$ cat structure.cif   # mmCIF, C-alpha atoms
data_coords
#
loop_
_atom_site.label_atom_id
_atom_site.label_comp_id
_atom_site.auth_asym_id
_atom_site.auth_seq_id
_atom_site.Cartn_x
_atom_site.Cartn_y
_atom_site.Cartn_z
CA MET E 1 49.48 191.60 428.31
CA PRO E 2 51.69 188.47 428.58
CA PRO E 3 50.81 185.81 431.17
CA ALA E 4 52.13 186.11 434.71
CA GLN E 5 54.61 183.30 434.16
CA ALA E 6 56.33 185.24 431.36
CA ARG E 7 56.30 188.40 433.42
CA SER E 8 58.21 186.86 436.28
CA GLU E 9 60.93 185.91 433.78
CA THR E 10 61.58 189.61 433.40
CA TRP E 11 63.92 190.76 436.10
CA VAL E 12 64.00 194.37 437.15
CA VAL E 13 67.36 195.35 438.65
CA ILE E 14 67.10 198.28 441.03
CA PRO E 15 70.38 199.62 442.46
CA ALA E 16 69.79 201.62 445.62
CA PHE E 17 71.95 203.85 447.78
CA ASN E 18 70.35 205.74 450.67
CA GLU E 19 66.87 205.75 449.16
CA GLU E 20 64.76 205.11 452.27
CA GLU E 21 62.30 207.85 451.37
CA VAL E 22 61.07 206.43 448.08
CA ILE E 23 62.44 202.90 447.62
CA ALA E 24 59.42 201.06 449.01
CA SER E 25 56.90 202.82 446.76
CA VAL E 26 59.17 202.41 443.71
CA VAL E 27 59.57 198.68 444.33
CA ARG E 28 55.87 198.15 445.13
CA ASN E 29 54.96 199.85 441.92
CA VAL E 30 57.19 197.54 439.87
CA LEU E 31 55.87 194.48 441.71
CA THR E 32 52.27 195.26 440.76
CA PHE E 33 53.20 194.42 437.17
CA GLY E 34 54.33 190.94 438.15
CA TYR E 35 58.02 191.31 437.34
CA SER E 36 60.74 189.72 439.45
CA VAL E 37 62.67 192.35 441.35
CA VAL E 38 66.22 192.36 442.67
CA VAL E 39 67.28 195.35 444.73
CA VAL E 40 71.03 195.81 445.11
CA ASP E 41 71.66 197.87 448.22
CA ASP E 42 75.02 199.53 447.68
CA CYS E 43 75.80 199.71 451.40
CA SER E 44 73.20 202.33 452.26
CA ARG E 45 73.68 204.02 455.60
CA ASP E 46 70.00 204.75 456.04
CA ASP E 47 66.96 202.48 456.40
CA THR E 48 66.71 201.50 452.74
CA ALA E 49 66.83 197.78 453.60
CA LYS E 50 64.32 198.09 456.44
CA LYS E 51 61.81 199.82 454.20
CA LEU E 52 61.87 196.80 451.91
CA SER E 53 61.27 194.20 454.57
CA GLY E 54 58.37 191.92 453.87
CA LEU E 55 58.23 192.73 450.16
CA PRO E 56 58.49 189.67 447.85
CA ILE E 57 61.79 190.69 446.30
CA HIS E 58 65.34 189.42 445.99
CA PHE E 59 67.78 191.51 447.92
CA CYS E 60 71.59 191.74 447.61
CA ARG E 61 73.74 193.97 449.72
CA HIS E 62 77.26 195.23 449.05
CA VAL E 63 79.31 195.24 452.24
CA PHE E 64 81.18 198.30 450.93
CA ASN E 65 79.80 201.08 448.82
CA LEU E 66 81.07 200.44 445.30
CA GLY E 67 78.96 202.70 443.11
CA GLN E 68 75.96 202.44 440.85
CA GLY E 69 77.81 200.71 438.00
CA ALA E 70 78.95 197.93 440.31
CA ALA E 71 75.48 197.56 441.81
CA LEU E 72 73.96 197.19 438.35
CA GLN E 73 76.48 194.53 437.41
CA THR E 74 75.79 192.63 440.64
CA GLY E 75 72.07 192.73 439.96
CA ILE E 76 72.49 191.64 436.35
CA ILE E 77 74.67 188.67 437.31
CA TYR E 78 72.18 187.69 439.99
CA ALA E 79 69.20 187.94 437.66
CA LEU E 80 70.96 185.86 435.01
CA ALA E 81 71.85 183.22 437.58
CA LYS E 82 68.16 183.06 438.49
CA GLY E 83 67.26 182.35 434.89
CA ALA E 84 66.11 185.79 433.81
CA ARG E 85 64.91 185.99 430.24
CA TYR E 86 64.92 189.76 430.16
CA VAL E 87 66.81 192.15 432.42
CA VAL E 88 65.61 195.71 433.02
CA THR E 89 67.63 198.37 434.83
CA PHE E 90 65.48 200.75 436.82
CA ASP E 91 66.31 203.73 439.03
CA SER E 92 65.40 203.65 442.69
CA ASP E 93 64.66 207.36 443.03
CA GLY E 94 61.27 207.36 441.35
CA GLN E 95 62.39 208.90 438.04
CA HIS E 96 61.23 205.94 435.97
CA ARG E 97 57.70 204.68 435.39
CA ALA E 98 57.03 200.99 435.93
CA GLU E 99 54.21 201.01 433.36
CA GLU E 100 56.79 201.88 430.71
CA ILE E 101 58.84 198.73 431.27
CA GLU E 102 56.72 196.90 428.74
CA LYS E 103 57.51 199.56 426.16
CA LEU E 104 61.18 198.67 426.53
CA LEU E 105 60.48 194.94 426.44
CA ALA E 106 58.39 195.07 423.27
CA PRO E 107 61.26 195.31 420.74
CA LEU E 108 63.12 192.53 422.58
CA GLN E 109 60.09 190.23 422.56
CA GLU E 110 59.61 190.94 418.87
CA ARG E 111 63.28 190.04 418.40
CA ARG E 112 64.03 193.38 416.82
CA ALA E 113 66.93 194.04 419.20
CA GLY E 114 68.97 192.67 422.08
CA VAL E 115 69.03 195.96 423.95
CA ALA E 116 66.38 198.65 424.38
CA LEU E 117 67.64 202.00 425.58
CA GLY E 118 65.28 204.51 427.13
CA THR E 119 65.49 208.01 425.75
CA ARG E 120 63.90 211.16 427.11
CA PHE E 121 64.94 213.28 424.15
CA THR E 122 63.21 211.88 421.06
CA GLY E 123 59.74 210.95 419.89
CA GLU E 124 57.34 210.76 422.79
CA GLY E 125 60.19 210.67 425.27
CA ARG E 126 59.85 213.32 427.91
CA ALA E 127 61.86 214.80 430.73
CA VAL E 128 59.30 216.19 433.13
CA ASN E 129 60.45 219.17 435.21
CA ILE E 130 64.04 218.86 434.05
CA PRO E 131 66.11 221.89 435.09
CA PRO E 132 67.52 223.76 432.07
CA ALA E 133 71.16 223.30 433.19
CA LYS E 134 70.64 219.57 433.48
CA ARG E 135 69.20 219.41 430.00
CA ILE E 136 72.21 221.21 428.54
CA ILE E 137 74.71 219.01 430.36
CA LEU E 138 72.91 215.85 429.24
CA LYS E 139 72.88 217.05 425.64
CA VAL E 140 76.59 217.80 425.77
CA ALA E 141 77.28 214.42 427.39
CA THR E 142 75.29 212.75 424.62
CA LEU E 143 77.34 214.55 422.00
CA PHE E 144 80.62 213.43 423.57
CA THR E 145 79.44 209.88 424.04
CA ARG E 146 78.29 209.66 420.45
CA VAL E 147 81.80 210.58 419.38
CA PHE E 148 83.48 208.12 421.73
CA THR E 149 81.21 205.14 421.22
CA ARG E 150 80.23 205.89 417.59
CA LEU E 151 76.66 204.89 418.41
CA ASP E 152 73.73 206.84 417.04
CA VAL E 153 71.88 207.51 420.30
CA THR E 154 70.02 210.52 421.61
CA ASP E 155 70.20 210.04 425.38
CA THR E 156 73.35 208.45 426.72
CA HIS E 157 72.83 208.80 430.46
CA ASN E 158 69.43 207.25 430.84
CA GLY E 159 69.36 204.44 433.41
CA PHE E 160 66.17 202.91 432.03
CA ARG E 161 67.17 200.00 429.78
CA ALA E 162 66.18 196.46 428.91
CA PHE E 163 68.34 193.57 427.74
CA THR E 164 67.67 190.08 426.48
CA ARG E 165 69.42 187.34 428.40
CA GLU E 166 72.00 186.97 425.63
CA ALA E 167 72.79 190.68 425.55
CA ALA E 168 72.91 191.03 429.33
CA SER E 169 75.38 188.19 429.68
CA LYS E 170 77.77 189.86 427.24
CA ILE E 171 77.84 193.22 428.93
CA GLN E 172 80.54 193.65 431.54
CA ILE E 173 80.40 196.79 433.64
CA THR E 174 83.79 197.44 435.22
CA GLN E 175 83.29 201.19 435.69
CA ASN E 176 81.99 200.97 439.22
CA ARG E 177 80.89 204.55 439.54
CA MET E 178 78.90 206.78 437.24
CA SER E 179 80.85 206.23 434.03
CA HIS E 180 79.08 202.93 433.51
CA ALA E 181 76.43 204.57 431.31
CA THR E 182 79.01 205.21 428.63
CA GLN E 183 80.61 201.84 429.22
CA ILE E 184 77.35 200.01 428.57
CA LEU E 185 77.19 201.75 425.22
CA SER E 186 80.81 200.82 424.42
CA GLU E 187 79.97 197.23 425.28
CA ILE E 188 76.98 197.32 422.94
CA ARG E 189 79.30 198.59 420.25
CA SER E 190 82.14 196.12 420.84
CA HIS E 191 79.84 193.09 421.03
CA ASP E 192 77.94 194.37 418.03
CA LEU E 193 74.60 194.07 419.85
CA GLN E 194 71.42 195.18 418.12
CA TYR E 195 69.87 198.10 419.96
CA VAL E 196 66.86 200.35 419.68
CA GLU E 197 65.97 203.55 421.45
CA VAL E 198 62.57 203.68 423.10
CA PRO E 199 61.00 206.97 424.19
CA VAL E 200 60.40 207.03 427.95
CA THR E 201 59.34 209.56 430.53
CA ILE E 202 61.77 210.70 433.20
CA ASP E 203 60.10 212.45 436.12
CA TYR E 204 62.28 214.93 437.91
CA SER E 205 61.22 215.70 441.43
CA GLN E 206 62.76 217.75 444.19
CA TYR E 207 63.83 214.47 445.71
CA SER E 208 65.38 212.92 442.62
CA LEU E 209 67.30 216.10 441.87
CA THR E 210 68.97 216.19 445.27
CA LYS E 211 69.69 212.46 445.02
CA GLY E 212 70.88 212.50 441.43
CA GLN E 213 74.43 213.08 440.45
CA LYS E 214 75.88 216.50 440.54
CA ILE E 215 76.72 218.32 437.36
CA SER E 216 80.28 218.69 438.65
CA ASN E 217 80.69 214.93 438.30
CA SER E 218 80.52 215.31 434.52
CA PHE E 219 84.23 215.94 434.33
CA ASN E 220 85.01 212.65 436.08
CA ILE E 221 82.75 210.79 433.70
CA LEU E 222 84.39 212.48 430.73
CA TRP E 223 87.79 211.52 432.06
CA ASP E 224 86.86 207.85 432.65
CA THR E 225 85.28 207.67 429.23
CA PHE E 226 88.37 209.11 427.61
CA MET E 227 90.63 206.61 429.41
CA GLU E 228 88.31 203.80 428.38
CA PHE E 229 88.47 205.07 424.80
CA LEU E 230 92.29 205.02 424.88
CA LYS E 231 92.32 201.47 426.21
CA SER E 232 89.92 200.16 423.56
CA MET F 1 134.58 210.06 454.69
CA ARG F 2 132.10 212.84 455.25
CA LEU F 3 129.29 212.51 457.73
CA ILE F 4 126.64 212.77 455.00
CA GLN F 5 128.14 209.76 453.26
CA VAL F 6 127.85 207.70 456.44
CA ILE F 7 124.24 208.75 456.91
CA LEU F 8 123.30 207.95 453.32
CA VAL F 9 125.06 204.58 453.29
CA VAL F 10 123.40 203.55 456.56
CA ALA F 11 120.03 204.63 455.14
CA SER F 12 120.65 202.64 451.96
CA ILE F 13 121.61 199.51 453.89
CA SER F 14 118.54 199.76 456.10
CA ALA F 15 116.31 200.19 453.08
CA LEU F 16 117.86 197.17 451.39
CA VAL F 17 117.52 194.98 454.47
CA LEU F 18 113.90 196.02 454.99
CA TYR F 19 113.11 195.41 451.35
CA LEU F 20 114.72 191.98 451.25
CA THR F 21 113.40 190.71 454.55
CA TYR F 22 109.85 192.03 454.51
CA PHE F 23 108.72 192.80 451.00
CA ARG F 24 110.19 190.82 448.18
CA SER F 25 111.11 187.21 447.98
CA VAL F 26 111.19 186.89 444.21
CA ILE F 27 114.77 186.41 442.99
CA ARG F 28 114.36 188.85 440.11
CA ASP F 29 113.14 191.61 442.42
CA ARG F 30 115.92 190.91 444.91
CA ILE F 31 118.55 191.27 442.20
CA ILE F 32 117.03 194.55 441.02
CA GLY F 33 116.98 195.80 444.62
CA LEU F 34 120.57 194.77 445.16
CA ALA F 35 121.72 196.41 441.92
CA PHE F 36 119.94 199.58 442.93
CA PHE F 37 121.74 199.47 446.28
CA VAL F 38 125.18 199.00 444.72
CA VAL F 39 124.67 201.94 442.35
CA ALA F 40 123.43 204.10 445.22
CA VAL F 41 126.40 203.32 447.48
CA LEU F 42 128.81 203.85 444.60
CA ALA F 43 127.29 207.26 443.88
CA ILE F 44 127.49 208.18 447.56
CA MET F 45 131.09 207.06 448.09
CA VAL F 46 132.48 208.26 444.76
CA PRO F 47 130.31 211.25 443.82
CA ASP F 48 132.55 212.12 440.86
CA ILE F 49 131.28 209.09 438.99
CA THR F 50 127.87 210.70 438.51
CA SER F 51 129.55 213.77 436.99
CA VAL F 52 131.54 211.64 434.58
CA ILE F 53 128.42 209.81 433.43
CA ALA F 54 126.47 213.06 433.30
CA HIS F 55 129.02 214.59 430.92
CA LYS F 56 128.90 211.50 428.75
CA VAL F 57 125.13 211.72 428.29
CA GLY F 58 125.11 215.47 427.85
CA VAL F 59 124.08 216.70 431.30
CA GLY F 60 126.08 219.47 432.99
CA ARG F 61 126.27 218.18 436.56
CA GLY F 62 125.98 214.80 438.25
CA THR F 63 123.38 216.21 440.62
CA ASP F 64 121.17 217.12 437.68
CA LEU F 65 121.52 213.62 436.27
CA ILE F 66 120.43 212.11 439.57
CA PHE F 67 117.49 214.50 439.65
CA TYR F 68 116.40 213.51 436.14
CA ILE F 69 116.61 209.83 436.96
CA PHE F 70 114.67 210.42 440.15
CA ALA F 71 111.97 212.38 438.37
CA SER F 72 111.38 209.88 435.58
CA GLY F 73 111.70 207.00 438.04
CA SER F 74 108.97 208.35 440.27
CA VAL F 75 106.60 208.81 437.34
CA PHE F 76 107.14 205.16 436.48
CA PHE F 77 106.65 204.23 440.12
CA PHE F 78 103.33 206.07 440.34
CA ILE F 79 102.02 204.37 437.23
CA LEU F 80 102.96 201.02 438.73
CA LEU F 81 101.27 201.90 441.99
CA TYR F 82 98.18 203.16 440.20
CA SER F 83 97.76 199.99 438.17
CA ARG F 84 98.18 197.91 441.29
CA LEU F 85 95.52 199.98 443.04
CA ALA F 86 93.17 199.52 440.12
CA ARG F 87 93.71 195.78 440.28
CA LEU F 88 93.06 195.76 444.00
CA ASP F 89 89.86 197.71 443.38
CA ALA F 90 88.68 195.19 440.81
CA ARG F 91 89.38 192.33 443.20
CA GLN F 92 87.53 194.05 446.00
CA THR F 93 84.56 194.54 443.71
CA GLU F 94 84.54 190.85 442.87
CA LEU F 95 84.67 189.91 446.52
CA VAL F 96 81.89 192.29 447.55
CA ARG F 97 79.77 191.07 444.63
CA TYR F 98 80.35 187.43 445.56
CA LEU F 99 79.28 188.12 449.13
CA ALA F 100 76.22 190.05 447.99
CA ILE F 101 75.08 187.27 445.67
CA THR F 102 75.76 184.33 447.97
CA ASN F 103 74.07 186.06 450.91
CA ALA F 104 71.14 187.30 448.86
CA LYS F 105 67.70 187.09 450.41
CA GLU F 106 64.90 185.56 448.40
CA PRO F 107 61.16 186.17 448.74
CA GLY F 108 60.59 182.75 450.35
CA ASP F 109 63.35 183.11 452.93
CA PRO F 110 62.42 183.12 456.58
CA GLY F 111 62.14 186.48 458.24
CA ASN F 112 61.57 189.55 456.20
CA SER F 113 63.59 189.57 453.05
CA ALA F 114 65.69 192.66 453.17
CA HIS F 115 66.18 193.36 456.81
CA SER F 116 67.78 190.11 457.84
CA ALA F 117 70.27 190.21 454.98
CA VAL F 118 71.57 193.41 456.48
CA SER F 119 72.02 192.07 459.95
CA ARG F 120 73.75 189.05 458.50
CA SER F 121 76.22 190.99 456.40
CA SER F 122 77.07 193.36 459.23
CA GLN F 123 77.93 190.64 461.68
#
$ encode --input "structure.cif" --output "structure tokens"
Amino acid sequence: MPPAQARSETWVVIPAFNEEEVIASVVRNVLTFGYSVVVVDDCSRDDTAKKLSGLPIHFCRHVFNLGQGAALQTGIIYALAKGARYVVTFDSDGQHRAEEIEKLLAPLQERRAGVALGTRFTGEGRAVNIPPAKRIILKVATLFTRVFTRLDVTDTHNGFRAFTREAASKIQITQNRMSHATQILSEIRSHDLQYVEVPVTIDYSQYSLTKGQKISNSFNILWDTFMEFLKS
Amino acid sequence: MRLIQVILVVASISALVLYLTYFRSVIRDRIIGLAFFVVAVLAIMVPDITSVIAHKVGVGRGTDLIFYIFASGSVFFFILLYSRLARLDARQTELVRYLAITNAKEPGDPGNSAHSAVSRSSQ
């Protein structure tokens, strides 16, 4: 386990929108590992901000709701400005496990890659309690994204990732809403960043499923990705 | 002069005046607007012109020609409007992000970190 000093140089970016039910426990859990945390509140209309009061975190708030992609980019810029050495993106709905952050950091610390992408579909990666329909949609999305981005990845819509400072400062997310997952991959491709996939566990709960994006949004993502592909 | 011609010419003049006084001050845009106006008034006052041009380009009636121009023109217009909207969106994102970062609350800040950032940004 690296010393505390090194740990606080790892910044965990947590975008949050109406997550009052779970946000505090998610953030507390990450804090126990000694990482620096920045929560980007994407203009929640519930008590997300209140639930975080008193916690030793950095907190940014969008005055309008812009979408998860925009919130991630805000958090990444903030973390870099604060001198982050590594940037981790982490979901606020409890789907990710804080103890697995170090699994993502390992290849970066060993200088094997600039980006570590979590995957729930290979090796020891697991998707606990994933509904069958969701699994199919994610597989199809992965297939499409592989074609569009020409990257050899097995799980394209996994929000659990880690970047070195260098990699994070190259990635520009302009897809404010949900199509950012594909855009991050396109950015990896266009900047020729070294990446590795790291098996992670995604825990689906009743809560995360109602909070997560709807399957019907897949078409929008496909459309944005296609437009992005035409522009590139 | 038919009544419809009067109505259309008055409408065209009003549109031109509005456009020139309120919306565009760039010379290039003013000239385009003016040219558009002249063509419109000409087509209203001497409708046969459109038929003559229509025949020349292989369209049966002047009305059809106008319709085709209108249709392709509006497609162009929507694309223009869409790109402007996208640009506005990008600017808004930048602004919201700037505010979020400059007003960010840090662990050492007085008061409890998250809550006071909210009350500050909603003022």
$ residues_around --input "structure.cif" --residues "segment 131-140 of chain E" --least-positions-apart "4" --cutoff "8 Å" --atoms "all atoms listed in the file" --output "tab-separated table (two decimals) with C-alpha atoms, keeping the file's coordinate frame"
chain	number	residue	atom	x	y	z
E	144	PHE	CA	80.62	213.43	423.57
E	155	ASP	CA	70.20	210.04	425.38
E	156	THR	CA	73.35	208.45	426.72
E	157	HIS	CA	72.83	208.80	430.46
E	215	ILE	CA	76.72	218.32	437.36
$ resolve_selection --input "structure.cif" --expression "the PyMOL selection byres ((chain E) within 6 of (chain F))" --output "PyMOL selection string"
chain E and resi 49-50+52-54+56-62+74
$ atom_distance --input "structure.cif" --atom1 "atom CA of Asp42 of chain E" --atom2 "atom CA of Gly67 of chain E"
6.8 Å
$ closest_residue --input "structure.cif" --among "F:Leu80, F:Leu16, F:Ile7, F:Leu85" --to "Ala35 of chain F" --atoms "only C-alpha atoms"
F:Leu16
$ residues_around --input "structure.cif" --residues "Asn129 of chain E" --least-positions-apart "6" --cutoff "8 Å" --atoms "only C-alpha atoms" --output "ChimeraX atom specification"
/E:203-205
$ resolve_selection --input "structure.cif" --expression "the PyMOL selection byres ((chain E and resi 123) around 12)" --output "list of chain:residue names"
E:Gly118, E:Thr119, E:Arg120, E:Phe121, E:Thr122, E:Glu124, E:Gly125, E:Arg126, E:Ala127, E:Thr154, E:Asp155, E:Glu197, E:Val198, E:Pro199, E:Val200, E:Thr201
$ resolve_selection --input "structure.cif" --expression "the PyMOL selection byres ((chain F and resi 19) around 12)" --output "PyMOL selection string"
chain F and resi 12-18+20-26+29-34+36-37
$ closest_residue --input "structure.cif" --among "E:Ala113, E:Glu100, E:Asp91, E:Lys211" --to "Asp192 of chain E" --atoms "all atoms listed in the file"
E:Ala113
$ residues_near_point --input "structure.cif" --point "(75.4, 193.7, 420.5)" --cutoff "12 Å" --atoms "all atoms listed in the file" --output "PDB file with C-alpha atoms, in the coordinates of the input"
ATOM      1  CA  ARG E 112      64.030 193.380 416.820  1.00  0.00           C
ATOM      2  CA  ALA E 113      66.930 194.040 419.200  1.00  0.00           C
ATOM      3  CA  GLY E 114      68.970 192.670 422.080  1.00  0.00           C
ATOM      4  CA  VAL E 115      69.030 195.960 423.950  1.00  0.00           C
ATOM      5  CA  ALA E 116      66.380 198.650 424.380  1.00  0.00           C
ATOM      6  CA  LEU E 151      76.660 204.890 418.410  1.00  0.00           C
ATOM      7  CA  PHE E 163      68.340 193.570 427.740  1.00  0.00           C
ATOM      8  CA  THR E 164      67.670 190.080 426.480  1.00  0.00           C
ATOM      9  CA  ARG E 165      69.420 187.340 428.400  1.00  0.00           C
ATOM     10  CA  GLU E 166      72.000 186.970 425.630  1.00  0.00           C
ATOM     11  CA  ALA E 167      72.790 190.680 425.550  1.00  0.00           C
ATOM     12  CA  ALA E 168      72.910 191.030 429.330  1.00  0.00           C
ATOM     13  CA  SER E 169      75.380 188.190 429.680  1.00  0.00           C
ATOM     14  CA  LYS E 170      77.770 189.860 427.240  1.00  0.00           C
ATOM     15  CA  ILE E 171      77.840 193.220 428.930  1.00  0.00           C
ATOM     16  CA  ILE E 184      77.350 200.010 428.570  1.00  0.00           C
ATOM     17  CA  LEU E 185      77.190 201.750 425.220  1.00  0.00           C
ATOM     18  CA  SER E 186      80.810 200.820 424.420  1.00  0.00           C
ATOM     19  CA  GLU E 187      79.970 197.230 425.280  1.00  0.00           C
ATOM     20  CA  ILE E 188      76.980 197.320 422.940  1.00  0.00           C
ATOM     21  CA  ARG E 189      79.300 198.590 420.250  1.00  0.00           C
ATOM     22  CA  SER E 190      82.140 196.120 420.840  1.00  0.00           C
ATOM     23  CA  HIS E 191      79.840 193.090 421.030  1.00  0.00           C
ATOM     24  CA  ASP E 192      77.940 194.370 418.030  1.00  0.00           C
ATOM     25  CA  LEU E 193      74.600 194.070 419.850  1.00  0.00           C
ATOM     26  CA  GLN E 194      71.420 195.180 418.120  1.00  0.00           C
ATOM     27  CA  TYR E 195      69.870 198.100 419.960  1.00  0.00           C
ATOM     28  CA  VAL E 196      66.860 200.350 419.680  1.00  0.00           C
TER      29      VAL E 196
END
$ decode --input "structure.cif" --residues "segment 24-69 of chain F" --atoms "C-alpha atoms" --output "CSV table (one decimal), in the first residue's frame"
chain,number,residue,atom,x,y,z
F,24,ARG,CA,-27.8,42.8,-38.4
F,25,SER,CA,-25.3,45.6,-38.6
F,26,VAL,CA,-22.6,43.8,-40.6
F,27,ILE,CA,-22.4,45.3,-44.1
F,28,ARG,CA,-22.2,42.0,-45.8
F,29,ASP,CA,-25.4,40.7,-44.1
F,30,ARG,CA,-27.2,44.0,-44.9
F,31,ILE,CA,-26.4,43.7,-48.6
F,32,ILE,CA,-27.6,40.1,-48.6
F,33,GLY,CA,-30.8,41.2,-46.9
F,34,LEU,CA,-31.4,44.0,-49.3
F,35,ALA,CA,-30.8,41.8,-52.3
F,36,PHE,CA,-33.3,39.3,-50.9
F,37,PHE,CA,-35.8,42.1,-50.5
F,38,VAL,CA,-35.3,43.4,-54.1
F,39,VAL,CA,-35.8,39.9,-55.6
F,40,ALA,CA,-38.9,39.3,-53.4
F,41,VAL,CA,-40.5,42.6,-54.4
F,42,LEU,CA,-39.7,42.0,-58.1
F,43,ALA,CA,-41.3,38.5,-57.9
F,44,ILE,CA,-44.4,40.0,-56.2
F,45,MET,CA,-44.8,42.9,-58.6
F,46,VAL,CA,-43.9,41.1,-61.8
F,47,PRO,CA,-44.9,37.4,-61.2
F,48,ASP,CA,-44.2,36.4,-64.8
F,49,ILE,CA,-40.5,36.8,-64.2
F,50,THR,CA,-40.5,33.7,-62.0
F,51,SER,CA,-42.2,31.7,-64.8
F,52,VAL,CA,-39.6,32.8,-67.3
F,53,ILE,CA,-36.7,31.8,-65.0
F,54,ALA,CA,-38.5,28.6,-64.1
F,55,HIS,CA,-38.8,27.6,-67.8
F,56,LYS,CA,-35.1,28.4,-68.3
F,57,VAL,CA,-34.0,26.1,-65.5
F,58,GLY,CA,-36.4,23.3,-66.5
F,59,VAL,CA,-39.3,23.8,-64.0
F,60,GLY,CA,-42.9,24.0,-65.2
F,61,ARG,CA,-44.3,26.8,-63.2
F,62,GLY,CA,-42.8,29.8,-61.4
F,63,THR,CA,-44.7,28.8,-58.2
F,64,ASP,CA,-42.9,25.5,-58.2
F,65,LEU,CA,-39.6,27.2,-58.6
F,66,ILE,CA,-40.3,29.4,-55.6
F,67,PHE,CA,-41.3,26.4,-53.6
F,68,TYR,CA,-38.1,24.6,-54.5
F,69,ILE,CA,-36.0,27.6,-53.5
